[in-house]
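Data block below; observations after.
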Amino acid sequence: MAVIEEGQIQIHTENIFPIIKKAVYSDHEIFLRELVSNGVDAINKRRMASIAGDCESGDEGKILISINREEKTLTFSDNGIGMTDTEIKKYINQVAFSSAEEFLKKYENNNEQIIGHFGLGFYSSFMVAKNVVIISRSAKKDSKAIKWSCDGSPKFSLEESEREEIGTDIILYLMDEEIEFIEPSRINTLIKKYCDFMPVDVQLDGKSINKRNSPWRKSPRDLNDNDYIELYKYLYPFQGDPLLWIHLNTDYPYNLQGILYFPKITGRADWETGEIKLYSNQVFVSDSIKEVVPRYLLPLRGIIDSTDIPLNVSRSALQSDRRVRSIGNFISKKIADKLKSIKNEDPDFYAEIWESIAPFIKIGAMEDDKFADMVSELIIFRTVRQKSFEKDDNVINFENNNYTTINEYINRLSNENDKKVLYCTDEIAQANPLDLWKNQGNEILTADTVIDSQFIPWIESKKDNVTFQRVDSEIVDDLNDDSPEITGKDGEKASEIIRDLIKKAINNENVSVKVQTLKSNPDVPAMILLPEQMRRINDMGALMEQKLPGLPDNHVLLVNKRHPIIEGLSKLKSNILIIGSEGSSENDQLLNDIAINLYESACLSVGGLDPQGMSNYQKKTTDLMGRLISKIS
């Protein structure tokens with residue numbers, strides 16, 4: 001063949017190819033995405049130009065990938081618009097000059113999308129190839145086939161060639177160290193990853209390998225529940241069904257489509273990188289989109305597809321991009337709107353999924369004031385009280401559990417000036433004080449998730465004249481029997497004697513002992529109380545150290561004077577027989593051991609004993625029971 005022209009690619013540095021290989025693209029596999037994207041663009045351009053009557057129409061678009069093991073070549077063939085020699089010199093030889101923008105201006109009234117956001121896309125092929133050949137025939141009338149070749153240096157050759165069909169072949173002569181890319185399994189995996197949802201049929205050695213159907217680009221009216229669930233299971237196999245989904249679709253002030261799913265969170269969610277997949281015009285870009293969506297939405301799953309997210313800037317620039325921030329705000333609002341509609345239209349379903357969606361909402365509210373305003377009435381707590389709830393209480397009842405918002409709880413409080421919200425974090429460990437409050441007609445919220453240790457103080461800071469008190473933080477006067485106490489002949493009250501006895505036995509200055517007569521729950525001899533602010537500091541420290549909170553050093557032992565054991569302890573104390581010159585009694589040790597057992601039993605009920613303490617407690621309890629039985633005559 002006669003050589004038409006030889007020349008030099010118009011670049012400003014001899015080192016452009018090393019820059020492309022090392023700096024522009026970090027993963028060599030990206031070349032496949034870029035070349036297939038270029039092929040899809042060429043097919044769409046031909047369709048648009050043929051509609052306008054500027055070129056010949058063709059068969060349905062397709063991209064063929066073929067492997068030649070002997071030659072170590074990988075060939076990408078499309079039946080798109082092709083290129084003339086002039087176009088090759090303009091669009092290939094001038095590095096980073098993309099024709100997409102110019103082409104769209106010409107056919108701006110056409111709805112077809114051109115992927116071309118990757119200006120250096122074609123040259124990514126030199127990351128894996130030592131030589132690249134283009135054979136192209138333009139769809140323009142009477143065009144001849146042209147061959148362009150380059151060995152990775154700034155030099156190229158352009159000559160006439162043979163190609164009967166309109167379109168383009170790109171032939172990559174792979175480097176020895178990149179020979180993995182002639183393996184069909186490797187190509188198939190990469191097509192599934194990057195090009196699965198492209199609207200053009202991609203074939204490997206004659207077999208179609210991409211899904212093509214992209215549901216997020218359709219109208220929600222054209223999809224049913226099975227369509228959404230099928231996409232979720234395809235993207236995230238073996239993860240079960242999603243809880244719910246939100247279909248995103250807007251073209252102003254930016255172009256964005258997508259489907260986001262709330263998963264059933266059964267383990268630790270990924271709050272750092274995320275599991276949402278980012279696409280640009282159906283081309284997979286990344287599965288780490290923490291620069292696009294707010295952090296509290298990262299554990300959501302699904303797809304966001306937008307041509308308006310800049311893909312060729314640093315992550316720091318992406319985070320400060322106003323349009324990107326606007327996209328994040330749009331997504332947050334759509335999610336809040338969806339959850340509002342569910343809570344209003346199907347409150348039972350909302351209560352059913354609340355446990356799974358609560359972390360997103362609570363963390364989002366704490367991190368984003370705008371989002372907090374949108375979800376203020378979406379945050380619910382399970383609530384308990386002795387008296388049944390009425391319809392006017394606006395409580396959601398689901399599976400024998402009642403759920404309420406903070407505002408609804410506050411509206412039911414009788415004291416308008418002092419709004420105190422009672423809550424518990426563990427109904428088993430806090431069962432005794434919980435029963436005390438319930439028996440006096442109080443309503444208690446359940447805040448038993450890990451995030452609640454941060455969320456309760458946050459929501460308290462947002463409410464005027466509202467305080468949150470855990471049920472085991474203190475026992476107020478309303479729960480005490482204020483009947484006057486009889487003073488003994490020595491001037492001491494029984495409660496003072498018991499307090500001094502137990503305080504001496506425990507021998508711990510950090511433990512305060514209170515002896516009170518409780519109105520209800522007479523079955524409880526003693527319980528641990530944790531002052532609210534002190535406990536919050538302890539919980540926060542445990543959270544920062546990523547461990548479960550233990551029993552704080554400073555706590556209160558509340559002794560119920562009405563309990564039979566305490567009454568017996570008081571009698572045993574008053575009937576001690578003095579034996580010996582030192583004034584000792586065999587009952588002294590028994591009183592001491594009973595007091596310690598009361599304290600350790602109270603600690604045990606709140607998880608305040610470590611494994612060694614548990615073992616010692618069991619041994620001492622057995623020994624104490626044996627000594628008591630031996631006294632029976």
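Residues in the structure tokens are numbered from 1 in each chain, the chains being A, B, ... in the order shown, and ligands are numbered from 1 in the order shown.
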
Backbone DSSP call of alpha helix (DSSP H) for range 398-465 of chain A, listed as a CSV table (one decimal) with N, CA and C atoms, in the first residue's frame:
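As written to disk, selection00.csv reads:
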```csv
chain,number,residue,atom,x,y,z
A,406,ILE,N,-40.0,11.8,69.6
A,406,ILE,CA,-39.7,12.6,70.8
A,406,ILE,C,-40.7,13.7,71.0
A,407,ASN,N,-41.1,14.4,70.0
A,407,ASN,CA,-42.1,15.4,70.2
A,407,ASN,C,-43.5,14.9,70.7
A,408,GLU,N,-43.9,13.7,70.2
A,408,GLU,CA,-45.1,13.1,70.6
A,408,GLU,C,-45.0,12.7,72.1
A,409,TYR,N,-43.8,12.2,72.5
A,409,TYR,CA,-43.6,11.8,73.9
A,409,TYR,C,-43.7,13.1,74.8
A,410,ILE,N,-43.0,14.1,74.4
A,410,ILE,CA,-43.0,15.4,75.2
A,410,ILE,C,-44.5,15.9,75.3
A,411,ASN,N,-45.3,15.8,74.2
A,411,ASN,CA,-46.6,16.3,74.3
A,411,ASN,C,-47.5,15.6,75.3
A,431,ALA,N,-33.9,-3.7,84.4
A,431,ALA,CA,-35.2,-4.1,84.6
A,431,ALA,C,-35.8,-3.6,85.9
A,432,ASN,N,-35.0,-3.6,87.0
A,432,ASN,CA,-35.5,-3.1,88.3
A,432,ASN,C,-35.9,-1.6,88.3
A,433,PRO,N,-35.0,-0.7,87.9
A,433,PRO,CA,-35.4,0.7,87.9
A,433,PRO,C,-36.5,0.9,86.8
A,434,LEU,N,-36.4,0.2,85.8
A,434,LEU,CA,-37.5,0.3,84.7
A,434,LEU,C,-38.9,0.0,85.3
A,435,ASP,N,-39.0,-1.0,86.1
A,435,ASP,CA,-40.2,-1.4,86.7
A,435,ASP,C,-40.7,-0.3,87.7
A,436,LEU,N,-39.7,0.3,88.4
A,436,LEU,CA,-40.1,1.3,89.4
A,436,LEU,C,-40.8,2.5,88.7
A,437,TRP,N,-40.2,2.9,87.6
A,437,TRP,CA,-40.7,4.1,86.8
A,437,TRP,C,-42.1,3.7,86.2
A,438,LYS,N,-42.2,2.5,85.6
A,438,LYS,CA,-43.4,2.1,85.0
A,438,LYS,C,-44.5,2.0,86.0
A,439,ASN,N,-44.2,1.4,87.1
A,439,ASN,CA,-45.3,1.2,88.2
A,439,ASN,C,-45.8,2.5,88.7
A,452,ASP,N,-26.9,5.3,69.9
A,452,ASP,CA,-27.8,6.1,70.8
A,452,ASP,C,-26.9,6.8,71.9
A,453,SER,N,-25.8,6.3,72.3
A,453,SER,CA,-25.0,6.9,73.3
A,453,SER,C,-24.5,8.3,72.8
A,454,GLN,N,-24.4,8.5,71.5
A,454,GLN,CA,-24.0,9.8,71.0
A,454,GLN,C,-25.3,10.6,70.6
A,455,PHE,N,-26.3,9.8,70.2
A,455,PHE,CA,-27.5,10.5,69.6
A,455,PHE,C,-28.3,11.2,70.7
A,456,ILE,N,-28.4,10.5,71.9
A,456,ILE,CA,-29.3,11.1,73.0
A,456,ILE,C,-28.7,12.5,73.4
A,457,PRO,N,-27.4,12.6,73.7
A,457,PRO,CA,-26.9,14.0,74.0
A,457,PRO,C,-27.1,15.0,72.9
A,458,TRP,N,-27.0,14.5,71.6
A,458,TRP,CA,-27.2,15.4,70.5
A,458,TRP,C,-28.6,15.9,70.5
A,459,ILE,N,-29.6,15.0,70.5
A,459,ILE,CA,-30.9,15.5,70.4
A,459,ILE,C,-31.4,16.3,71.6
A,460,GLU,N,-30.8,16.0,72.8
A,460,GLU,CA,-31.0,16.8,74.0
A,460,GLU,C,-30.6,18.3,73.7
A,461,SER,N,-29.4,18.4,73.0
A,461,SER,CA,-28.9,19.8,72.8
A,461,SER,C,-29.8,20.6,71.8
```

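Residues in contact with Glu355 in chain A at 10 Å, where only C-alpha atoms are counted and same-chain residues fewer than 6 positions away are skipped, are listed as Lys264, Ile265, Ile380, Phe381 and Thr449 of chain A.
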
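For the atom pair formed by CA of Thr517 in chain A and CA of Arg385 in chain A, the distance is 22.5 Å, given to one decimal.
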
Self-check item: Backbone DSSP call of strand (DSSP E or B) for range 239-488 of chain A, listed as number ranges by chain
Solution: A: 244-250, 256-262, 275-280, 283-286, 301-305, 380-384, 396-398, 401-405, 419-424, 444-446, 466-470, 480, 487

Practice problem: Write out as JSON, numbers by chain each polymer residue whose atoms come within 10 Å of Asn394 in chain A, counting only C-alpha atoms; drop sequence neighbours fewer than 4 positions from it. | Solution: {"A": [389, 390, 402, 403, 404, 405, 408, 409]}

Could you save those same residues with all heavy atoms as a PDB file, in the first residue's frame?
```pdb
ATOM      1  N   PHE A 389     -51.939   2.958  75.209  1.00  0.00           N
ATOM      2  CA  PHE A 389     -51.937   4.189  74.417  1.00  0.00           C
ATOM      3  C   PHE A 389     -53.281   4.354  73.694  1.00  0.00           C
ATOM      4  O   PHE A 389     -53.920   3.380  73.300  1.00  0.00           O
ATOM      5  CB  PHE A 389     -50.804   4.161  73.391  1.00  0.00           C
ATOM      6  CG  PHE A 389     -49.439   4.286  74.000  1.00  0.00           C
ATOM      7  CD1 PHE A 389     -48.679   3.160  74.286  1.00  0.00           C
ATOM      8  CD2 PHE A 389     -48.904   5.533  74.297  1.00  0.00           C
ATOM      9  CE1 PHE A 389     -47.421   3.263  74.847  1.00  0.00           C
ATOM     10  CE2 PHE A 389     -47.646   5.654  74.862  1.00  0.00           C
ATOM     11  CZ  PHE A 389     -46.900   4.517  75.139  1.00  0.00           C
ATOM     12  N   GLU A 390     -53.661   5.605  73.534  1.00  0.00           N
ATOM     13  CA  GLU A 390     -54.884   5.927  72.817  1.00  0.00           C
ATOM     14  C   GLU A 390     -54.547   6.356  71.386  1.00  0.00           C
ATOM     15  O   GLU A 390     -53.398   6.638  71.058  1.00  0.00           O
ATOM     16  CB  GLU A 390     -55.633   7.060  73.527  1.00  0.00           C
ATOM     17  CG  GLU A 390     -55.954   6.783  74.992  1.00  0.00           C
ATOM     18  CD  GLU A 390     -56.915   5.615  75.155  1.00  0.00           C
ATOM     19  OE1 GLU A 390     -57.709   5.368  74.208  1.00  0.00           O
ATOM     20  OE2 GLU A 390     -56.878   4.968  76.210  1.00  0.00           O
ATOM     21  N   ASN A 402     -44.848  -0.500  70.590  1.00  0.00           N
ATOM     22  CA  ASN A 402     -45.305   0.851  70.298  1.00  0.00           C
ATOM     23  C   ASN A 402     -44.112   1.749  69.991  1.00  0.00           C
ATOM     24  O   ASN A 402     -43.067   1.655  70.645  1.00  0.00           O
ATOM     25  CB  ASN A 402     -46.075   1.418  71.492  1.00  0.00           C
ATOM     26  CG  ASN A 402     -47.369   0.664  71.744  1.00  0.00           C
ATOM     27  OD1 ASN A 402     -48.210   0.554  70.861  1.00  0.00           O
ATOM     28  ND2 ASN A 402     -47.524   0.128  72.952  1.00  0.00           N
ATOM     29  N   TYR A 403     -44.281   2.626  68.988  1.00  0.00           N
ATOM     30  CA  TYR A 403     -43.207   3.512  68.551  1.00  0.00           C
ATOM     31  C   TYR A 403     -43.722   4.950  68.532  1.00  0.00           C
ATOM     32  O   TYR A 403     -44.855   5.222  68.111  1.00  0.00           O
ATOM     33  CB  TYR A 403     -42.720   3.122  67.153  1.00  0.00           C
ATOM     34  CG  TYR A 403     -42.118   1.745  67.095  1.00  0.00           C
ATOM     35  CD1 TYR A 403     -42.914   0.620  66.885  1.00  0.00           C
ATOM     36  CD2 TYR A 403     -40.743   1.550  67.255  1.00  0.00           C
ATOM     37  CE1 TYR A 403     -42.367  -0.651  66.830  1.00  0.00           C
ATOM     38  CE2 TYR A 403     -40.186   0.287  67.205  1.00  0.00           C
ATOM     39  CZ  TYR A 403     -40.999  -0.812  66.998  1.00  0.00           C
ATOM     40  OH  TYR A 403     -40.465  -2.075  66.954  1.00  0.00           O
ATOM     41  N   THR A 404     -42.871   5.858  68.978  1.00  0.00           N
ATOM     42  CA  THR A 404     -43.271   7.263  69.057  1.00  0.00           C
ATOM     43  C   THR A 404     -42.094   8.163  68.727  1.00  0.00           C
ATOM     44  O   THR A 404     -40.931   7.729  68.785  1.00  0.00           O
ATOM     45  CB  THR A 404     -43.779   7.591  70.472  1.00  0.00           C
ATOM     46  OG1 THR A 404     -44.307   8.919  70.499  1.00  0.00           O
ATOM     47  CG2 THR A 404     -42.651   7.503  71.505  1.00  0.00           C
ATOM     48  N   THR A 405     -42.396   9.405  68.389  1.00  0.00           N
ATOM     49  CA  THR A 405     -41.336  10.397  68.193  1.00  0.00           C
ATOM     50  C   THR A 405     -41.101  11.120  69.515  1.00  0.00           C
ATOM     51  O   THR A 405     -41.914  11.055  70.445  1.00  0.00           O
ATOM     52  CB  THR A 405     -41.723  11.423  67.118  1.00  0.00           C
ATOM     53  OG1 THR A 405     -42.841  12.188  67.594  1.00  0.00           O
ATOM     54  CG2 THR A 405     -42.087  10.738  65.802  1.00  0.00           C
ATOM     55  N   GLU A 408     -43.869  13.707  70.173  1.00  0.00           N
ATOM     56  CA  GLU A 408     -45.111  13.104  70.643  1.00  0.00           C
ATOM     57  C   GLU A 408     -44.993  12.691  72.112  1.00  0.00           C
ATOM     58  O   GLU A 408     -45.943  12.828  72.893  1.00  0.00           O
ATOM     59  CB  GLU A 408     -45.472  11.907  69.764  1.00  0.00           C
ATOM     60  CG  GLU A 408     -45.913  12.314  68.363  1.00  0.00           C
ATOM     61  CD  GLU A 408     -45.882  11.162  67.371  1.00  0.00           C
ATOM     62  OE1 GLU A 408     -45.348  10.086  67.730  1.00  0.00           O
ATOM     63  OE2 GLU A 408     -46.359  11.335  66.239  1.00  0.00           O
ATOM     64  N   TYR A 409     -43.830  12.188  72.495  1.00  0.00           N
ATOM     65  CA  TYR A 409     -43.586  11.821  73.893  1.00  0.00           C
ATOM     66  C   TYR A 409     -43.698  13.059  74.784  1.00  0.00           C
ATOM     67  O   TYR A 409     -44.363  13.042  75.825  1.00  0.00           O
ATOM     68  CB  TYR A 409     -42.194  11.195  74.008  1.00  0.00           C
ATOM     69  CG  TYR A 409     -41.757  10.844  75.419  1.00  0.00           C
ATOM     70  CD1 TYR A 409     -41.848   9.535  75.890  1.00  0.00           C
ATOM     71  CD2 TYR A 409     -41.245  11.809  76.273  1.00  0.00           C
ATOM     72  CE1 TYR A 409     -41.437   9.203  77.181  1.00  0.00           C
ATOM     73  CE2 TYR A 409     -40.839  11.504  77.568  1.00  0.00           C
ATOM     74  CZ  TYR A 409     -40.931  10.199  78.012  1.00  0.00           C
ATOM     75  OH  TYR A 409     -40.524   9.883  79.286  1.00  0.00           O
TER      76      TYR A 409
END
```

Exercise. Between A:Ala351, A:Leu256, A:Ile396, A:Leu339, single out the one closest to Ser306 in chain A, counting only C-alpha atoms.
Key: A:Leu256

Self-check item: Shell of 10 Å around Asn329 in chain A, only C-alpha atoms, local chain residues under 2 positions omitted, as an NGL selection string
Solution: :A and (292-294 or 323-327 or 331-335 or 368 or 370-371)

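Our summary of the geometry notes that CA of Gly274 in chain A is positioned 6.7 Å from CA of Ile289 in chain A.
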
Quiz item: Using only C-alpha atoms, which residues sit within 10 Å of range 528-530 of chain A once same-chain residues fewer than 3 positions away are excluded, as an MDAnalysis selection string?
Solution: chainID A and resid 430 432:433 470:475 511:514 533:536 551:559 599:606 608

Quiz prompt | Who sits within 10 Å of Val202 in chain A, only C-alpha atoms, same chain under 6 positions skipped, as JSON, numbers by chain | solution = {"A": [36, 39, 40, 61, 62, 63, 64, 65, 76, 77, 78, 191, 195, 196, 208, 209, 210, 211, 212]}
